[in-house]
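File shown here: run-v8.cif, holding mmCIF, C-alpha atoms.
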data_final
#
loop_
_atom_site.label_atom_id
_atom_site.label_comp_id
_atom_site.auth_asym_id
_atom_site.auth_seq_id
_atom_site.Cartn_x
_atom_site.Cartn_y
_atom_site.Cartn_z
CA MET M 1 2.98 -4.65 1.14
CA ARG M 2 5.26 -7.44 2.19
CA THR M 3 4.41 -10.26 4.51
CA PHE M 4 6.77 -12.35 6.61
CA ASP M 5 5.83 -15.84 7.64
CA LEU M 6 7.43 -17.41 10.66
CA SER M 7 6.62 -20.92 9.52
CA THR M 8 8.26 -20.65 6.09
CA GLY M 9 11.26 -18.48 7.00
CA ASP M 10 14.73 -19.92 6.61
CA ASP M 11 15.79 -21.03 10.04
CA GLN M 12 18.73 -22.21 12.07
CA TYR M 13 18.92 -23.90 15.44
CA VAL M 14 20.75 -22.67 18.52
CA LYS M 15 20.62 -25.68 20.79
CA ASP M 16 16.93 -26.67 20.45
CA ILE M 17 15.77 -23.13 19.73
CA ARG M 18 14.53 -22.37 16.24
CA VAL M 19 15.73 -18.96 15.07
CA VAL M 20 14.43 -17.18 11.96
CA ARG M 21 16.61 -14.17 11.29
CA TRP M 22 15.22 -11.31 9.24
CA GLU M 23 18.48 -10.64 7.42
CA GLN M 24 17.04 -12.98 4.78
CA TYR M 25 14.43 -10.37 3.91
CA ALA M 26 17.03 -7.72 3.05
CA LEU M 27 15.19 -4.89 4.80
CA GLU M 28 18.20 -2.97 6.06
CA ARG M 29 17.33 0.06 3.91
CA ASP M 30 13.81 0.19 5.29
CA LEU M 31 13.99 -0.87 8.93
CA PRO M 32 15.80 1.06 11.70
CA PHE M 33 16.44 -2.21 13.53
CA GLN M 34 17.30 -5.84 12.95
CA ALA M 35 14.84 -8.55 13.80
CA MET M 36 14.27 -12.23 14.34
CA TRP M 37 11.76 -14.72 15.59
CA TYR M 38 12.76 -17.49 17.94
CA SER M 39 10.86 -20.43 19.36
CA VAL M 40 11.68 -22.10 22.66
CA PRO M 41 10.27 -25.63 22.97
CA PRO M 42 8.25 -26.63 26.05
CA GLY M 43 10.49 -27.05 29.08
CA SER M 44 13.51 -25.45 27.44
CA GLU M 45 15.29 -22.14 27.73
CA SER M 46 17.58 -19.88 25.74
CA PRO M 47 21.31 -19.77 26.44
CA VAL M 48 22.39 -16.79 28.52
CA ASP M 49 22.72 -13.89 26.12
CA GLN M 50 24.07 -10.37 26.42
CA HIS M 51 24.84 -7.98 23.60
CA PRO M 52 25.34 -4.26 23.04
CA GLU M 53 22.08 -3.94 21.15
CA LEU M 54 18.90 -3.00 22.94
CA GLU M 55 16.27 -5.65 22.32
CA LEU M 56 12.51 -5.32 22.30
CA SER M 57 10.77 -8.68 22.41
CA VAL M 58 7.09 -9.31 21.80
CA VAL M 59 5.63 -12.66 22.83
CA VAL M 60 3.60 -13.92 19.89
CA ALA M 61 2.75 -17.36 21.31
CA GLY M 62 3.03 -18.93 24.73
CA THR M 63 4.32 -17.36 27.93
CA ALA M 64 7.90 -16.30 28.60
CA HIS M 65 9.71 -16.29 31.90
CA VAL M 66 12.62 -13.90 31.56
CA LEU M 67 15.51 -14.01 34.00
CA VAL M 68 17.73 -10.93 34.33
CA GLY M 69 20.09 -10.88 37.31
CA ASN M 70 17.91 -11.56 40.33
CA GLU M 71 14.77 -10.48 38.57
CA GLU M 72 12.24 -12.81 37.07
CA HIS M 73 9.40 -11.61 34.87
CA GLU M 74 6.48 -13.50 33.44
CA VAL M 75 5.51 -12.10 30.04
CA GLN M 76 2.31 -13.34 28.48
CA GLN M 77 1.27 -13.61 24.86
CA GLY M 78 0.97 -10.16 23.32
CA ALA M 79 3.06 -8.44 25.98
CA ALA M 80 6.62 -7.17 25.47
CA PHE M 81 9.90 -6.70 27.27
CA LEU M 82 12.84 -4.39 26.63
CA LEU M 83 16.40 -5.37 27.47
CA SER M 84 19.23 -2.87 27.73
CA SER M 85 22.83 -3.42 26.69
CA THR M 86 23.92 -4.37 30.17
CA GLU M 87 21.36 -7.04 30.88
CA ALA M 88 22.33 -10.68 30.47
CA HIS M 89 19.11 -12.62 30.00
CA VAL M 90 17.65 -16.09 29.80
CA VAL M 91 14.22 -16.77 28.33
CA GLN M 92 12.44 -19.85 29.65
CA ASN M 93 9.40 -21.72 28.42
CA ARG M 94 7.97 -23.40 31.51
CA SER M 95 4.98 -24.84 29.73
CA ALA M 96 4.96 -28.60 29.31
CA GLU M 97 2.99 -28.38 26.09
CA VAL M 98 2.91 -24.99 24.45
CA PRO M 99 5.80 -23.62 22.40
CA LEU M 100 6.99 -20.12 23.18
CA THR M 101 7.57 -17.86 20.19
CA ILE M 102 9.02 -14.38 20.36
CA PHE M 103 9.49 -11.62 17.82
CA SER M 104 12.54 -9.50 18.68
CA ALA M 105 13.72 -6.22 17.24
CA TYR M 106 17.22 -5.05 18.21
CA TRP M 107 19.37 -2.04 17.49
CA MET M 108 22.49 -0.32 18.74
CA PRO M 109 21.91 2.29 21.47
CA LEU M 110 20.79 5.57 19.98
CA ALA M 111 23.55 8.15 19.92
CA GLU M 112 22.82 11.55 21.33
CA ALA M 113 20.94 11.85 18.04
CA ALA M 114 20.65 15.56 18.66
CA GLY M 115 18.37 17.50 16.41
CA HIS M 116 15.40 15.22 16.87
CA ASP M 117 12.30 16.60 18.48
CA MET G 1 14.41 -4.82 32.10
CA ARG G 2 11.07 -3.24 31.45
CA THR G 3 7.87 -5.05 30.61
CA PHE G 4 4.87 -3.70 28.73
CA ASP G 5 1.46 -5.21 29.26
CA LEU G 6 -1.19 -4.85 26.64
CA SER G 7 -3.99 -5.49 29.09
CA THR G 8 -3.03 -2.78 31.57
CA GLY G 9 -1.82 -0.09 29.15
CA ASP G 10 -3.70 3.18 28.95
CA ASP G 11 -5.95 2.92 25.94
CA GLN G 12 -8.20 4.89 23.66
CA TYR G 13 -10.81 3.80 21.18
CA VAL G 14 -10.91 4.56 17.47
CA LYS G 15 -14.37 3.42 16.49
CA ASP G 16 -14.52 0.01 18.21
CA ILE G 17 -10.78 -0.56 18.02
CA ARG G 18 -8.81 -0.47 21.24
CA VAL G 19 -5.49 1.32 20.78
CA VAL G 20 -2.67 1.30 23.34
CA ARG G 21 -0.02 3.80 22.28
CA TRP G 22 3.50 3.40 23.54
CA GLU G 23 4.07 7.14 23.97
CA GLN G 24 2.92 6.50 27.55
CA TYR G 25 6.11 4.54 28.20
CA ALA G 26 8.38 7.48 27.31
CA LEU G 27 10.85 5.37 25.33
CA GLU G 28 11.73 7.91 22.66
CA ARG G 29 15.36 8.06 23.80
CA ASP G 30 15.71 4.30 23.57
CA LEU G 31 13.61 3.14 20.62
CA PRO G 32 14.26 4.05 16.95
CA PHE G 33 10.54 3.78 16.25
CA GLN G 34 7.15 4.51 17.75
CA ALA G 35 4.81 1.71 18.63
CA MET G 36 1.29 0.71 19.59
CA TRP G 37 -0.95 -2.27 20.04
CA TYR G 38 -4.42 -2.34 18.61
CA SER G 39 -7.23 -4.83 18.90
CA VAL G 40 -9.93 -5.30 16.27
CA PRO G 41 -13.06 -7.00 17.61
CA PRO G 42 -14.53 -10.01 15.79
CA GLY G 43 -16.23 -8.99 12.57
CA SER G 44 -14.83 -5.47 12.59
CA GLU G 45 -12.12 -3.64 10.68
CA SER G 46 -9.83 -0.64 11.01
CA PRO G 47 -10.64 2.61 9.24
CA VAL G 48 -8.65 3.16 6.04
CA ASP G 49 -5.28 4.49 7.11
CA GLN G 50 -2.31 5.92 5.25
CA HIS G 51 0.63 7.79 6.74
CA PRO G 52 4.18 8.75 5.82
CA GLU G 53 5.63 6.34 8.37
CA LEU G 54 6.58 2.82 7.40
CA GLU G 55 4.75 0.37 9.61
CA LEU G 56 5.76 -3.12 10.65
CA SER G 57 2.90 -5.05 12.20
CA VAL G 58 3.17 -8.33 14.06
CA VAL G 59 -0.01 -10.30 14.71
CA VAL G 60 0.04 -11.31 18.37
CA ALA G 61 -3.44 -12.85 18.51
CA GLY G 62 -5.98 -13.88 15.91
CA THR G 63 -5.67 -13.63 12.13
CA ALA G 64 -5.55 -10.41 10.10
CA HIS G 65 -6.84 -9.84 6.62
CA VAL G 66 -5.04 -6.82 5.27
CA LEU G 67 -6.40 -4.94 2.25
CA VAL G 68 -4.01 -2.74 0.25
CA GLY G 69 -5.27 -1.54 -3.11
CA ASN G 70 -6.40 -4.65 -4.94
CA GLU G 71 -4.30 -6.93 -2.79
CA GLU G 72 -5.57 -8.97 0.09
CA HIS G 73 -3.27 -10.79 2.49
CA GLU G 74 -4.08 -13.19 5.26
CA VAL G 75 -1.59 -12.82 8.10
CA GLN G 76 -1.71 -15.39 10.87
CA GLN G 77 -0.70 -15.15 14.50
CA GLY G 78 3.05 -14.66 14.79
CA ALA G 79 3.49 -13.45 11.21
CA ALA G 80 4.16 -9.86 10.19
CA PHE G 81 3.47 -7.34 7.45
CA LEU G 82 5.30 -4.20 6.37
CA LEU G 83 3.48 -1.23 4.89
CA SER G 84 5.21 1.53 2.97
CA SER G 85 4.36 5.23 3.00
CA THR G 86 2.23 4.97 -0.10
CA GLU G 87 -0.02 2.12 0.94
CA ALA G 88 -3.48 2.88 2.26
CA HIS G 89 -4.57 -0.12 4.28
CA VAL G 90 -7.49 -1.68 6.08
CA VAL G 91 -7.06 -4.44 8.64
CA GLN G 92 -10.00 -6.80 9.03
CA ASN G 93 -10.85 -9.36 11.66
CA ARG G 94 -13.07 -11.88 9.90
CA SER G 95 -13.34 -14.19 12.85
CA ALA G 96 -16.74 -14.37 14.50
CA GLU G 97 -15.25 -15.10 17.88
CA VAL G 98 -11.55 -14.36 18.23
CA PRO G 99 -10.20 -10.85 18.75
CA LEU G 100 -7.36 -9.72 16.52
CA THR G 101 -4.47 -8.00 18.25
CA ILE G 102 -1.52 -6.42 16.49
CA PHE G 103 1.73 -4.90 17.67
CA SER G 104 2.90 -2.19 15.29
CA ALA G 105 6.18 -0.34 15.10
CA TYR G 106 6.33 2.71 12.81
CA TRP G 107 8.98 5.20 11.79
CA MET G 108 9.66 7.85 9.17
CA PRO G 109 11.40 6.56 6.02
CA LEU G 110 15.12 6.28 6.56
CA ALA G 111 17.00 9.13 4.93
CA GLU G 112 19.91 8.30 2.74
CA ALA G 113 21.49 7.77 6.17
CA ALA G 114 24.86 7.79 4.50
CA GLY G 115 27.72 6.68 6.62
CA HIS G 116 26.01 3.55 7.84
CA ASP G 117 27.44 0.23 6.81
#

Give the structure from this file in structure tokens form.
Amino acid sequence: MRTFDLSTGDDQYVKDIRVVRWEQYALERDLPFQAMWYSVPPGSESPVDQHPELELSVVVAGTAHVLVGNEEHEVQQGAAFLLSSTEAHVVQNRSAEVPLTIFSAYWMPLAEAAGHD
Amino acid sequence: MRTFDLSTGDDQYVKDIRVVRWEQYALERDLPFQAMWYSVPPGSESPVDQHPELELSVVVAGTAHVLVGNEEHEVQQGAAFLLSSTEAHVVQNRSAEVPLTIFSAYWMPLAEAAGHD
């Protein structure tokens, strides 16, 4: 078994957002997706992002407010949200005190992967 | 964008463990894995489990103690653990008060998926 620790992972900053990318764990032969954690400080938000990969995000601490077009969704700790390739998104942390941390898995859209049940 | 709420998901119980399986969201054409949440009450543990699927688990609330063979790992909120096909595992919640909730993604081992970069 392998464990992965958000607090000790090699990180980088995008604006004030701490990003821990899972490429460092060299799991590409085992995982059918790429992954990262990111932490949005209180009162901050992610840059607008859009990418061809689908992205499943699980809130592991705090509460996210996710803006997609005219939609706004509140996503609480433990809950998840799935973004498609066409959805530009911003993730806000509206708390004044609590960091927001998200685990995201992302992958290219599945081809017509025929043959699967 | 779609959101998935642990608290309102259809659930089932395995012993005293609440399991919310993601099959109910009908995402098999979008996700390259299956998924579930499960919650282990204070002082309880999961049954021994082993399965051909690899399993990536992210702790979304509480602290997990994971037993695999002679190994024991403490995995804190936000951190993750990856189990291979050969690893029978038990997940314990040793807290007297705090529930343990885990998001797990699982998938069959990747074939020699030749052709991928």

Within 9 Å of (18.3, 0.5, 12.1) (file coordinates; all atoms listed in the file), which protein or nucleic acid residues are there? I'd like them as a list in words.
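The answer, in the requested form, is Glu28, Arg29, Asp30, Leu31, Pro32, Phe33, Gln34, Tyr106, Trp107 and Met108 of chain M; Pro32 and Leu110 of chain G.
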
Do you know which residues the PyMOL selection byres ((chain M) within 6 of (chain G)) returns on this file, as an MDAnalysis selection string?
chainID M and resid 1:6 60 78:83

Rank nothing, just name the residue among G:Pro42, G:Gly9, G:Gln50, G:Gly62 nearest to G:Arg94, using all atoms listed in the file.
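Nearest to G:Arg94: G:Pro42.
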
Could you jot down the atom CA of G:Asp10 to atom CA of G:Met36 separation for me, Å, one decimal place?
10.9 Å

Which value, in Å to one decimal, gives the distance between atom CA of G:Gln12 and atom CA of G:Ser39?
10.9 Å

Report chain M as a short mmCIF file (atom, residue, chain, number, x, y, z; two decimals) with C-alpha atoms, in the coordinates of the input in the frame of chain G, after least-squares superposition over all C-alpha atoms paired in order.
data_model
loop_
_atom_site.label_atom_id
_atom_site.label_comp_id
_atom_site.auth_asym_id
_atom_site.auth_seq_id
_atom_site.Cartn_x
_atom_site.Cartn_y
_atom_site.Cartn_z
CA MET M 1 14.39 -4.76 32.13
CA ARG M 2 11.04 -3.20 31.47
CA THR M 3 7.88 -5.01 30.60
CA PHE M 4 4.86 -3.69 28.74
CA ASP M 5 1.46 -5.20 29.28
CA LEU M 6 -1.20 -4.85 26.64
CA SER M 7 -4.00 -5.51 29.09
CA THR M 8 -3.05 -2.79 31.58
CA GLY M 9 -1.84 -0.11 29.15
CA ASP M 10 -3.73 3.16 28.96
CA ASP M 11 -5.98 2.90 25.96
CA GLN M 12 -8.23 4.87 23.68
CA TYR M 13 -10.84 3.76 21.19
CA VAL M 14 -10.93 4.53 17.48
CA LYS M 15 -14.40 3.40 16.51
CA ASP M 16 -14.53 -0.03 18.24
CA ILE M 17 -10.79 -0.58 18.02
CA ARG M 18 -8.82 -0.50 21.25
CA VAL M 19 -5.50 1.30 20.78
CA VAL M 20 -2.68 1.28 23.34
CA ARG M 21 -0.07 3.80 22.28
CA TRP M 22 3.48 3.42 23.55
CA GLU M 23 4.03 7.15 23.99
CA GLN M 24 2.88 6.51 27.56
CA TYR M 25 6.07 4.57 28.22
CA ALA M 26 8.32 7.51 27.33
CA LEU M 27 10.80 5.42 25.35
CA GLU M 28 11.67 7.97 22.68
CA ARG M 29 15.30 8.13 23.83
CA ASP M 30 15.68 4.37 23.59
CA LEU M 31 13.58 3.22 20.65
CA PRO M 32 14.24 4.13 16.99
CA PHE M 33 10.52 3.85 16.27
CA GLN M 34 7.12 4.55 17.77
CA ALA M 35 4.80 1.74 18.65
CA MET M 36 1.29 0.73 19.58
CA TRP M 37 -0.94 -2.25 20.05
CA TYR M 38 -4.41 -2.34 18.60
CA SER M 39 -7.23 -4.84 18.88
CA VAL M 40 -9.92 -5.33 16.26
CA PRO M 41 -13.05 -7.04 17.59
CA PRO M 42 -14.51 -10.06 15.78
CA GLY M 43 -16.22 -9.02 12.55
CA SER M 44 -14.80 -5.51 12.58
CA GLU M 45 -12.12 -3.67 10.68
CA SER M 46 -9.85 -0.67 11.02
CA PRO M 47 -10.65 2.60 9.25
CA VAL M 48 -8.67 3.15 6.07
CA ASP M 49 -5.31 4.51 7.13
CA GLN M 50 -2.35 5.96 5.27
CA HIS M 51 0.57 7.83 6.76
CA PRO M 52 4.13 8.79 5.85
CA GLU M 53 5.60 6.40 8.39
CA LEU M 54 6.55 2.89 7.41
CA GLU M 55 4.74 0.42 9.63
CA LEU M 56 5.76 -3.07 10.65
CA SER M 57 2.91 -5.01 12.20
CA VAL M 58 3.19 -8.30 14.04
CA VAL M 59 0.02 -10.29 14.69
CA VAL M 60 0.08 -11.30 18.34
CA ALA M 61 -3.40 -12.85 18.49
CA GLY M 62 -5.93 -13.88 15.88
CA THR M 63 -5.64 -13.63 12.11
CA ALA M 64 -5.52 -10.42 10.10
CA HIS M 65 -6.82 -9.84 6.61
CA VAL M 66 -5.02 -6.81 5.25
CA LEU M 67 -6.38 -4.94 2.26
CA VAL M 68 -4.01 -2.72 0.26
CA GLY M 69 -5.28 -1.51 -3.11
CA ASN M 70 -6.40 -4.64 -4.94
CA GLU M 71 -4.28 -6.90 -2.81
CA GLU M 72 -5.55 -8.95 0.07
CA HIS M 73 -3.24 -10.76 2.47
CA GLU M 74 -4.05 -13.17 5.24
CA VAL M 75 -1.55 -12.81 8.09
CA GLN M 76 -1.66 -15.37 10.85
CA GLN M 77 -0.65 -15.14 14.48
CA GLY M 78 3.09 -14.62 14.78
CA ALA M 79 3.53 -13.43 11.20
CA ALA M 80 4.20 -9.81 10.18
CA PHE M 81 3.50 -7.31 7.44
CA LEU M 82 5.30 -4.15 6.37
CA LEU M 83 3.47 -1.18 4.90
CA SER M 84 5.20 1.58 2.99
CA SER M 85 4.32 5.26 3.04
CA THR M 86 2.20 5.03 -0.07
CA GLU M 87 -0.03 2.17 0.96
CA ALA M 88 -3.50 2.92 2.27
CA HIS M 89 -4.58 -0.09 4.30
CA VAL M 90 -7.50 -1.67 6.08
CA VAL M 91 -7.06 -4.44 8.64
CA GLN M 92 -10.00 -6.81 9.03
CA ASN M 93 -10.82 -9.39 11.66
CA ARG M 94 -13.04 -11.92 9.89
CA SER M 95 -13.30 -14.23 12.84
CA ALA M 96 -16.70 -14.41 14.50
CA GLU M 97 -15.18 -15.14 17.88
CA VAL M 98 -11.51 -14.39 18.22
CA PRO M 99 -10.16 -10.87 18.74
CA LEU M 100 -7.33 -9.74 16.50
CA THR M 101 -4.45 -8.00 18.24
CA ILE M 102 -1.51 -6.41 16.48
CA PHE M 103 1.74 -4.89 17.68
CA SER M 104 2.90 -2.15 15.29
CA ALA M 105 6.18 -0.29 15.12
CA TYR M 106 6.33 2.76 12.82
CA TRP M 107 8.96 5.26 11.81
CA MET M 108 9.62 7.90 9.19
CA PRO M 109 11.38 6.64 6.04
CA LEU M 110 15.10 6.36 6.59
CA ALA M 111 17.02 9.18 4.96
CA GLU M 112 19.93 8.29 2.76
CA ALA M 113 21.53 7.67 6.15
CA ALA M 114 24.88 7.49 4.42
CA GLY M 115 27.78 6.27 6.45
CA HIS M 116 26.07 3.15 7.68
CA ASP M 117 27.47 -0.19 6.69
#

Neighbours of G:Val40 within 8 Å (all atoms listed in the file; same-chain residues fewer than 4 positions away dropped), as a compact mmCIF listing (two decimals) with C-alpha atoms, in the coordinates of the input?
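This is the output file result_5.txt:
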# COMPACT_ATOMS: atom_id res chain seq x y z
CA ASP G 16 -14.52 0.01 18.21
CA ILE G 17 -10.78 -0.56 18.02
CA ARG G 18 -8.81 -0.47 21.24
CA SER G 44 -14.83 -5.47 12.59
CA GLU G 45 -12.12 -3.64 10.68
CA SER G 46 -9.83 -0.64 11.01
CA GLN G 92 -10.00 -6.80 9.03
CA ASN G 93 -10.85 -9.36 11.66
CA PRO G 99 -10.20 -10.85 18.75
CA LEU G 100 -7.36 -9.72 16.52
CA THR G 101 -4.47 -8.00 18.25

Have a look at atom CA of M:Gln24 and atom CA of M:Thr8 and let me know their distance in Å, one decimal.
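Distance reported for this atom pair: 11.7 Å.
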